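What's in query-v9.txt: compact mmCIF, C-alpha atoms and all ligand atoms
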# COMPACT_ATOMS: atom_id res chain seq x y z
CA MET A 10 -43.99 41.12 9.59
CA ARG A 11 -40.92 39.34 11.01
CA GLU A 12 -39.43 40.42 14.27
CA ALA A 13 -36.19 42.38 14.34
CA PHE A 14 -32.96 40.43 14.81
CA THR A 15 -31.02 41.53 17.87
CA ILE A 16 -27.31 41.00 18.26
CA GLY A 17 -24.76 42.76 20.46
CA GLY A 18 -27.54 45.06 21.66
CA VAL A 19 -28.27 46.19 18.08
CA SER A 20 -31.70 45.58 16.59
CA ILE A 21 -31.91 44.95 12.82
CA LYS A 22 -35.31 45.28 11.16
CA PRO A 23 -36.53 42.81 8.51
CA GLY A 24 -35.20 43.70 5.06
CA LYS A 25 -32.21 45.52 6.58
CA GLN A 26 -28.48 44.78 6.75
CA SER A 27 -26.03 45.95 9.34
CA GLN A 28 -22.50 45.53 10.63
CA VAL A 29 -22.31 44.98 14.38
CA ASP A 30 -19.08 45.05 16.40
CA LEU A 31 -19.18 42.59 19.28
CA PRO A 32 -16.91 43.61 22.16
CA ILE A 33 -14.08 41.23 23.08
CA PRO A 34 -11.24 41.70 25.64
CA ASN A 35 -9.01 44.70 24.89
CA LEU A 36 -5.42 44.56 23.68
CA TYR A 37 -2.89 45.14 26.46
CA THR A 38 -1.95 48.36 24.69
CA HIS A 39 -5.29 49.62 25.99
CA ASP A 40 -6.76 49.59 22.50
CA PRO A 41 -10.35 48.39 22.35
CA MET A 42 -11.05 45.23 20.35
CA SER A 43 -14.18 43.98 18.66
CA CYS A 44 -15.34 41.12 16.48
CA PRO A 45 -17.15 42.44 13.39
CA VAL A 46 -20.33 40.65 12.35
CA TYR A 47 -22.39 41.35 9.24
CA VAL A 48 -26.09 40.55 9.43
CA ILE A 49 -28.53 40.36 6.52
CA HIS A 50 -32.01 40.08 8.04
CA GLY A 51 -34.35 39.07 5.22
CA ARG A 52 -37.85 40.44 4.89
CA ASN A 53 -39.26 36.90 4.72
CA ALA A 54 -39.01 34.17 7.33
CA GLY A 55 -36.49 31.35 6.97
CA PRO A 56 -33.49 29.76 8.67
CA THR A 57 -30.82 31.78 10.48
CA LEU A 58 -27.45 30.67 9.13
CA PHE A 59 -24.08 31.67 10.56
CA LEU A 60 -20.85 31.58 8.57
CA SER A 61 -17.65 31.60 10.63
CA GLY A 62 -14.07 32.08 9.42
CA ALA A 63 -10.63 32.19 11.05
CA ILE A 64 -11.54 30.40 14.29
CA HIS A 65 -7.94 29.39 13.74
CA GLY A 66 -6.42 32.84 13.23
CA ASP A 67 -4.15 31.91 10.31
CA GLU A 68 -6.84 30.10 8.27
CA ILE A 69 -7.78 32.96 5.98
CA ASN A 70 -9.51 31.30 3.01
CA GLY A 71 -12.79 31.49 4.93
CA VAL A 72 -12.44 35.26 5.33
CA GLU A 73 -12.35 35.65 1.54
CA ILE A 74 -15.13 33.10 1.06
CA ILE A 75 -17.42 35.11 3.37
CA ARG A 76 -16.53 38.39 1.61
CA ARG A 77 -17.54 36.87 -1.73
CA VAL A 78 -20.76 35.37 -0.37
CA LEU A 79 -21.77 38.79 1.00
CA ARG A 80 -21.05 40.32 -2.43
CA HIS A 81 -23.28 37.73 -4.13
CA LYS A 82 -26.27 39.67 -5.52
CA SER A 83 -28.79 37.04 -4.48
CA VAL A 84 -28.06 37.30 -0.73
CA ASN A 85 -29.77 40.71 -0.60
CA HIS A 86 -33.07 38.91 -1.04
CA ILE A 87 -32.69 35.94 1.26
CA HIS A 88 -35.45 34.25 3.18
CA GLY A 89 -34.28 34.12 6.77
CA THR A 90 -31.15 35.65 8.20
CA LEU A 91 -27.45 35.42 7.37
CA VAL A 92 -24.98 36.10 10.19
CA ALA A 93 -21.45 36.35 8.80
CA VAL A 94 -18.40 36.39 11.09
CA PRO A 95 -15.32 36.44 8.85
CA VAL A 96 -12.77 36.58 11.70
CA VAL A 97 -13.77 34.86 14.93
CA ASN A 98 -10.25 34.64 16.39
CA ILE A 99 -9.28 38.32 16.04
CA PHE A 100 -6.20 37.90 18.27
CA GLY A 101 -4.83 35.02 16.18
CA PHE A 102 -5.65 36.82 12.94
CA ILE A 103 -3.63 39.90 13.98
CA ALA A 104 -0.68 37.71 14.97
CA GLN A 105 -1.15 35.48 11.86
CA LYS A 106 -1.24 32.53 14.22
CA ARG A 107 -3.60 29.60 14.72
CA TYR A 108 -3.92 30.14 18.47
CA LEU A 109 -4.83 32.90 20.89
CA PRO A 110 -2.17 34.83 22.84
CA ASP A 111 -2.69 32.40 25.75
CA ARG A 112 -1.57 29.64 23.32
CA ARG A 113 -4.95 27.98 23.51
CA ASP A 114 -6.77 26.58 20.51
CA LEU A 115 -10.11 28.38 20.20
CA ASN A 116 -11.62 25.31 18.56
CA ARG A 117 -10.81 23.25 21.66
CA SER A 118 -12.12 25.90 24.08
CA PHE A 119 -15.89 25.62 23.51
CA PRO A 120 -18.26 26.13 25.26
CA GLY A 121 -15.96 28.25 27.45
CA SER A 122 -17.31 30.64 30.07
CA GLU A 123 -17.47 34.34 30.87
CA SER A 124 -14.95 33.89 33.67
CA GLY A 125 -12.69 31.40 31.88
CA SER A 126 -9.43 31.75 29.95
CA LEU A 127 -9.13 34.29 27.14
CA ALA A 128 -9.93 31.54 24.61
CA GLY A 129 -12.82 30.36 26.77
CA ARG A 130 -14.25 33.88 26.94
CA VAL A 131 -14.06 34.39 23.17
CA ALA A 132 -15.61 30.94 22.60
CA ASN A 133 -18.38 31.70 25.07
CA MET A 134 -19.10 35.10 23.50
CA PHE A 135 -19.33 33.47 20.06
CA LEU A 136 -21.62 30.74 21.33
CA ARG A 137 -23.88 33.16 23.18
CA GLU A 138 -24.06 36.00 20.67
CA ILE A 139 -23.93 34.05 17.40
CA VAL A 140 -24.45 30.28 17.52
CA SER A 141 -27.35 30.20 19.98
CA LYS A 142 -29.26 32.73 17.83
CA CYS A 143 -28.92 30.63 14.68
CA THR A 144 -30.64 27.53 13.34
CA HIS A 145 -27.75 26.34 11.12
CA GLY A 146 -24.03 27.00 10.72
CA ILE A 147 -21.07 26.57 8.37
CA ASP A 148 -17.59 26.82 9.90
CA LEU A 149 -14.74 27.51 7.45
CA HIS A 150 -11.23 26.13 7.95
CA THR A 151 -8.04 25.32 6.07
CA ALA A 152 -5.25 22.88 6.77
CA ALA A 153 -2.74 23.91 9.43
CA ILE A 154 0.35 25.89 8.47
CA HIS A 155 2.51 24.23 5.77
CA ARG A 156 -0.20 21.72 4.98
CA ASP A 157 -2.79 21.70 2.23
CA ASN A 158 -6.32 20.28 2.26
CA PHE A 159 -8.38 19.08 -0.69
CA PRO A 160 -11.86 20.69 -0.50
CA GLN A 161 -13.85 18.56 1.94
CA ILE A 162 -16.77 18.71 4.36
CA ARG A 163 -16.49 17.33 7.89
CA ALA A 164 -19.89 16.32 9.23
CA VAL A 165 -21.75 13.71 11.25
CA LEU A 166 -24.11 12.30 8.66
CA GLU A 167 -26.21 10.41 11.23
CA ASN A 168 -27.89 13.78 11.93
CA PRO A 169 -30.31 14.20 8.99
CA GLU A 170 -30.18 18.00 8.92
CA VAL A 171 -26.37 17.96 9.03
CA ALA A 172 -26.37 15.36 6.23
CA ARG A 173 -28.71 17.52 4.14
CA MET A 174 -26.35 20.51 4.41
CA ALA A 175 -23.20 18.40 3.92
CA ARG A 176 -24.49 16.75 0.73
CA ALA A 177 -25.92 19.99 -0.67
CA PHE A 178 -22.48 21.62 -0.43
CA LYS A 179 -21.25 19.32 -3.26
CA SER A 180 -17.64 19.16 -2.17
CA PRO A 181 -16.04 16.03 -3.62
CA VAL A 182 -15.33 14.46 -0.23
CA ILE A 183 -17.31 14.29 3.03
CA LEU A 184 -15.40 12.99 6.02
CA ASN A 185 -18.02 11.49 8.34
CA THR A 186 -16.19 11.17 11.64
CA ALA A 187 -16.89 11.74 15.33
CA ILE A 188 -16.62 15.31 16.64
CA VAL A 189 -13.73 16.24 18.94
CA ASP A 190 -14.59 17.68 22.37
CA GLY A 191 -14.17 21.43 22.79
CA THR A 192 -14.95 22.25 19.18
CA LEU A 193 -17.56 24.71 18.01
CA ARG A 194 -19.24 21.81 16.24
CA LYS A 195 -19.56 19.84 19.51
CA SER A 196 -21.11 22.76 21.39
CA ALA A 197 -23.48 23.49 18.52
CA GLU A 198 -24.51 19.84 18.43
CA LYS A 199 -25.39 19.99 22.14
CA LEU A 200 -27.56 23.04 21.43
CA GLY A 201 -29.24 21.09 18.62
CA ILE A 202 -27.86 23.40 15.91
CA PRO A 203 -26.62 21.56 12.81
CA VAL A 204 -23.12 22.72 11.78
CA ILE A 205 -20.85 21.51 8.99
CA VAL A 206 -17.15 22.30 8.64
CA TYR A 207 -15.59 23.12 5.28
CA GLU A 208 -11.86 22.41 5.09
CA ALA A 209 -9.86 23.50 2.06
CA GLY A 210 -6.47 24.95 1.20
CA GLU A 211 -3.59 26.04 3.34
CA ALA A 212 -3.12 28.44 6.28
CA LEU A 213 -1.97 32.01 5.43
CA ARG A 214 -2.68 31.52 1.71
CA PHE A 215 -5.56 32.31 -0.60
CA ASP A 216 -6.33 29.23 -2.67
CA GLU A 217 -8.57 30.21 -5.58
CA VAL A 218 -9.92 26.69 -6.15
CA ALA A 219 -10.72 26.23 -2.46
CA ILE A 220 -12.32 29.69 -2.22
CA ARG A 221 -14.53 29.20 -5.28
CA ALA A 222 -15.64 25.74 -4.16
CA GLY A 223 -16.46 27.24 -0.75
CA VAL A 224 -18.54 30.12 -2.12
CA LYS A 225 -20.41 27.77 -4.44
CA GLY A 226 -21.01 25.29 -1.63
CA ILE A 227 -22.46 27.92 0.71
CA ILE A 228 -24.81 29.20 -2.00
CA LEU A 229 -25.94 25.61 -2.70
CA VAL A 230 -26.60 25.02 1.02
CA MET A 231 -28.59 28.27 1.22
CA ARG A 232 -30.68 27.07 -1.74
CA GLU A 233 -31.19 23.68 -0.09
CA LEU A 234 -32.38 25.38 3.12
CA GLY A 235 -34.79 27.60 1.18
CA MET A 236 -32.91 30.81 1.95
CA LEU A 237 -32.28 31.36 -1.76
CA ALA A 238 -34.53 30.40 -4.65
CA ALA A 239 -33.56 27.21 -6.45
CA SER A 240 -31.50 27.74 -9.58
CA LYS A 241 -33.65 28.25 -12.71
CA LYS A 242 -31.38 25.96 -14.66
CA SER A 243 -32.41 22.49 -13.58
CA SER A 244 -29.21 20.90 -12.39
CA THR A 245 -27.93 17.96 -14.38
CA ASP A 246 -25.25 17.37 -11.80
CA THR A 247 -26.24 14.11 -10.16
CA ARG A 248 -22.80 13.44 -8.76
CA GLU A 249 -22.61 12.55 -5.11
CA PRO A 250 -19.66 13.31 -2.86
CA PHE A 251 -17.46 10.49 -1.64
CA GLU A 252 -18.48 9.84 1.96
CA ALA A 253 -15.53 8.47 3.90
CA ARG A 254 -16.05 6.98 7.34
CA SER A 255 -12.39 7.05 8.24
CA SER A 256 -9.11 8.56 7.23
CA THR A 257 -5.49 7.82 7.90
CA TRP A 258 -2.21 9.75 7.85
CA VAL A 259 0.76 8.24 6.05
CA ARG A 260 3.79 9.08 8.19
CA ALA A 261 7.46 9.47 7.33
CA PRO A 262 9.17 6.07 7.69
CA LYS A 263 12.41 7.94 8.38
CA SER A 264 13.82 11.47 8.55
CA GLY A 265 15.03 13.07 5.34
CA ILE A 266 14.01 15.09 2.31
CA LEU A 267 10.71 14.14 0.72
CA ARG A 268 10.14 14.20 -3.03
CA ALA A 269 6.35 13.89 -3.12
CA ASN A 270 4.88 12.35 -6.24
CA LYS A 271 1.15 12.66 -5.58
CA THR A 272 -1.12 15.70 -5.42
CA LEU A 273 -4.38 16.37 -3.62
CA GLY A 274 -7.52 14.76 -4.97
CA LEU A 275 -5.79 11.72 -6.42
CA ARG A 276 -7.10 8.24 -5.85
CA VAL A 277 -4.43 5.87 -4.59
CA ALA A 278 -4.33 2.12 -4.09
CA LYS A 279 -3.00 0.51 -0.95
CA GLY A 280 0.77 0.22 -1.23
CA GLU A 281 0.94 2.78 -4.06
CA TYR A 282 4.08 4.89 -4.41
CA LEU A 283 3.51 8.36 -2.93
CA GLY A 284 7.06 9.68 -2.89
CA VAL A 285 10.54 8.98 -1.70
CA ILE A 286 12.62 10.19 1.25
CA SER A 287 16.39 10.44 0.95
CA ASP A 288 19.38 12.32 2.32
CA PRO A 289 20.49 15.60 0.61
CA PHE A 290 22.63 13.64 -1.91
CA GLY A 291 19.70 11.45 -2.92
CA GLU A 292 21.30 8.47 -1.23
CA ASP A 293 19.74 6.14 1.27
CA GLU A 294 16.28 6.33 -0.33
CA GLU A 295 13.13 5.00 1.26
CA ILE A 296 9.85 4.85 -0.62
CA VAL A 297 6.66 6.20 0.99
CA ARG A 298 3.63 4.05 0.18
CA ALA A 299 -0.11 4.53 0.72
CA SER A 300 -1.25 2.66 3.82
CA ALA A 301 -4.83 2.41 2.53
CA GLU A 302 -6.87 2.78 -0.63
CA GLY A 303 -8.63 6.13 -0.92
CA ILE A 304 -8.35 9.77 -1.97
CA ILE A 305 -5.54 12.09 -0.88
CA ILE A 306 -7.32 14.86 1.06
CA GLY A 307 -4.33 16.46 2.78
CA ARG A 308 -0.57 16.67 2.48
CA THR A 309 2.45 18.43 3.87
CA ASN A 310 4.05 21.22 1.84
CA ILE A 311 7.40 21.06 3.62
CA PRO A 312 9.72 18.51 2.02
CA LEU A 313 11.97 18.40 5.11
CA VAL A 314 10.54 15.68 7.31
CA ASN A 315 11.31 13.99 10.58
CA GLU A 316 10.55 10.32 11.13
CA GLY A 317 6.92 9.93 12.16
CA GLU A 318 5.73 13.22 10.65
CA ALA A 319 2.38 13.22 8.87
CA LEU A 320 2.90 13.40 5.09
CA PHE A 321 -0.33 12.44 3.30
CA HIS A 322 -3.90 12.31 4.61
CA ILE A 323 -6.00 9.64 2.91
CA ALA A 324 -9.82 9.41 3.11
CA ARG A 325 -10.31 5.66 3.08
CA PHE A 326 -12.66 3.74 0.85
CA ALA A 327 -15.05 1.33 2.53
CA TYR A 328 -15.62 -2.18 1.18
CA SER A 329 -18.76 -4.23 0.91
CA GLU A 330 -18.69 -7.22 3.26
CA GLU A 331 -20.44 -9.41 0.68
CA THR A 332 -18.51 -8.68 -2.50
CA GLY A 333 -15.27 -7.27 -1.11
CA GLU A 334 -15.68 -4.49 -3.70
CA PRO A 335 -15.57 -0.79 -2.79
CA VAL A 336 -19.04 0.54 -2.00
CA GLU A 337 -18.42 3.90 -3.62
CA ASP A 338 -18.75 4.76 -7.27
CA TYR A 339 -15.19 5.63 -8.29
CA PRO A 340 -15.83 7.26 -11.66
CA LYS A 341 -18.33 9.73 -10.19
CA ILE A 342 -16.03 10.66 -7.33
CA MET A 343 -12.99 11.07 -9.52
CA ASP A 344 -14.94 13.17 -11.97
CA MET A 345 -15.79 15.59 -9.16
CA ALA A 346 -12.27 15.49 -7.78
CA GLU A 347 -10.86 16.21 -11.24
CA GLU A 348 -12.47 19.67 -11.35
CA LEU A 349 -10.78 20.69 -8.13
CA LYS A 350 -7.34 19.25 -8.74
CA PRO A 351 -4.39 21.66 -8.83
CA SER A 352 -3.45 22.75 -12.34
CA THR A 353 -1.06 20.56 -14.32
CA GLU A 354 1.45 23.37 -13.93
CA GLN A 355 1.33 23.00 -10.14
CA GLN A 356 1.55 19.24 -10.43
CA LYS A 357 4.62 19.54 -12.63
CA ILE A 358 6.40 21.59 -10.01
CA GLN A 359 5.56 19.11 -7.31
CA SER A 360 6.46 15.95 -9.18
CA SER A 361 9.45 17.03 -11.25
CA ASP A 362 12.66 15.11 -10.79
CA SER A 363 11.00 12.60 -8.52
ZN ZN B 401 -8.91 25.12 11.50
Write-out of the structure in structure tokens:
Amino acid sequence: MREAFTIGGVSIKPGKQSQVDLPIPNLYTHDPMSCPVYVIHGRNAGPTLFLSGAIHGDEINGVEIIRRVLRHKSVNHIHGTLVAVPVVNIFGFIAQKRYLPDRRDLNRSFPGSESGSLAGRVANMFLREIVSKCTHGIDLHTAAIHRDNFPQIRAVLENPEVARMARAFKSPVILNTAIVDGTLRKSAEKLGIPVIVYEAGEALRFDEVAIRAGVKGIILVMRELGMLAASKKSSTDTREPFEARSSTWVRAPKSGILRANKTLGLRVAKGEYLGVISDPFGEDEEIVRASAEGIIIGRTNIPLVNEGEALFHIARFAYSEETGEPVEDYPKIMDMAEELKPSTEQQKIQSSDS
């Protein structure tokens, strides 16, 4: 028989599920605050996986993704333990803001400490009560406010266990870049706990495509880790995600009103037309061009731009040194990207009268 799983002073027996409220600093109204956690402690041994949402308080797709994963029939019979934290940054979530009331970014405040800033204390509580008790983790994010992200995984593929999770998720793009200091991912890495980040959609919006791809990805990772039985249907999907080693932001060459011509998930060539910036009368136009060949994985949703503002985020293709040809298989990538592209209706709205 497995041992009970203890969290926040609550002991959960194998085969049981429970919601636990972890105490966090009170509101200044004197109202008590807590961070709700849902634990499914399987009867059989296996990995302990945490799912975290809304570390940035306005990034709410992850909250819905976690709700749907917990509703998935199969998770009642997992091997191992699922620790779901839909809203890590409760303060930001209440205020519908990315940050905490002390204006700190929770995902730059790890590992934090018990005597540190408010953000540092919340980070430290999360690390102590959740991350350190898990063997694996998936952290769910969206683009910042007024920006949109194409479904993508951020992961350091040099770590084999991270790579296994990242590839199992089957998002069309994996951005394999160094981890920023102060992030949950950095602290987890130091503890030897593999964590991948899923980025998709926009802050303060539910994006159905991003949510579905997230739920599916988590289930696939749980199958890969042996927490769920492999699908009975043998998968014919041999497509591999596009693994980008770098990305670049195309910035506004001047201030003005942007008529964007390209949507998320599109492949663009270097120098390709992405949109045009002009004054309100359409005069004084300047074309925005792709600074690299790759896939558009992020973009701004506000057409009013100041010179230097980030407009399009491109995951760059890598080239073979010998042949000068791209090392990735374009058709496979684009096929995967196609499924997750916004509907033609959405595209029409974005590109009309361009
Ligand atoms: Zn975020």
- Message: Restricting the calculation to only C-alpha atoms and all ligand atoms: of A:Pro56, A:Gly71, A:Gly191, A:Gly18, which residue gets closest to ligand ZN 401 (chain B)?
- Response: A:Gly71
- Rank A:Pro169, A:Gly284, A:Pro45, A:Gly291 by their smallest atom-to-atom distance to Arg308 in chain A, using all atoms listed in the file, and report the top residue only.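 Going through A:Pro169, A:Gly284, A:Pro45, A:Gly291 one by one, the smallest distance to Arg308 in chain A is for A:Gly284.
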- Would you mind listing the residues within 8 Å of ligand ZN 401 (chain B), counting only C-alpha atoms and all ligand atoms, as a count of residues only? 12
- Task: Give me, please, the distance in Å between CA of Asn98 in chain A and CA of Tyr207 in chain A, quoted to one decimal.
- Result: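 For CA of Asn98 in chain A relative to CA of Tyr207 in chain A, the distance reads 16.9 Å.
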- Task: Report the distance between CA of Ser287 in chain A and CA of Ser300 in chain A in Å, rounded to one decimal place.
- Result: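 That distance, rounded to one decimal, is 19.5 Å.
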If you count all atoms listed in the file, which residues fall within 7 Å of Gly55 in chain A, apart from same-chain ones fewer than 3 positions away, as an mmCIF file with C-alpha atoms, in the coordinates of the input?
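For reference, part26.cif as written:
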data_model
loop_
_atom_site.group_PDB
_atom_site.id
_atom_site.type_symbol
_atom_site.label_atom_id
_atom_site.label_comp_id
_atom_site.auth_asym_id
_atom_site.auth_seq_id
_atom_site.Cartn_x
_atom_site.Cartn_y
_atom_site.Cartn_z
ATOM 1 C CA HIS A 88 -35.450 34.250 3.180
ATOM 2 C CA GLY A 89 -34.280 34.120 6.770
ATOM 3 C CA THR A 90 -31.150 35.650 8.200
ATOM 4 C CA MET A 236 -32.910 30.810 1.950
#
- Query: Hey, which of A:Asn133, A:Thr247, A:Asn158, A:Gln28 ends up closest to Ile16 in chain A? Count all atoms listed in the file.
  - Reply: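 Going through A:Asn133, A:Thr247, A:Asn158, A:Gln28 one by one, the smallest distance to Ile16 in chain A is for A:Gln28.
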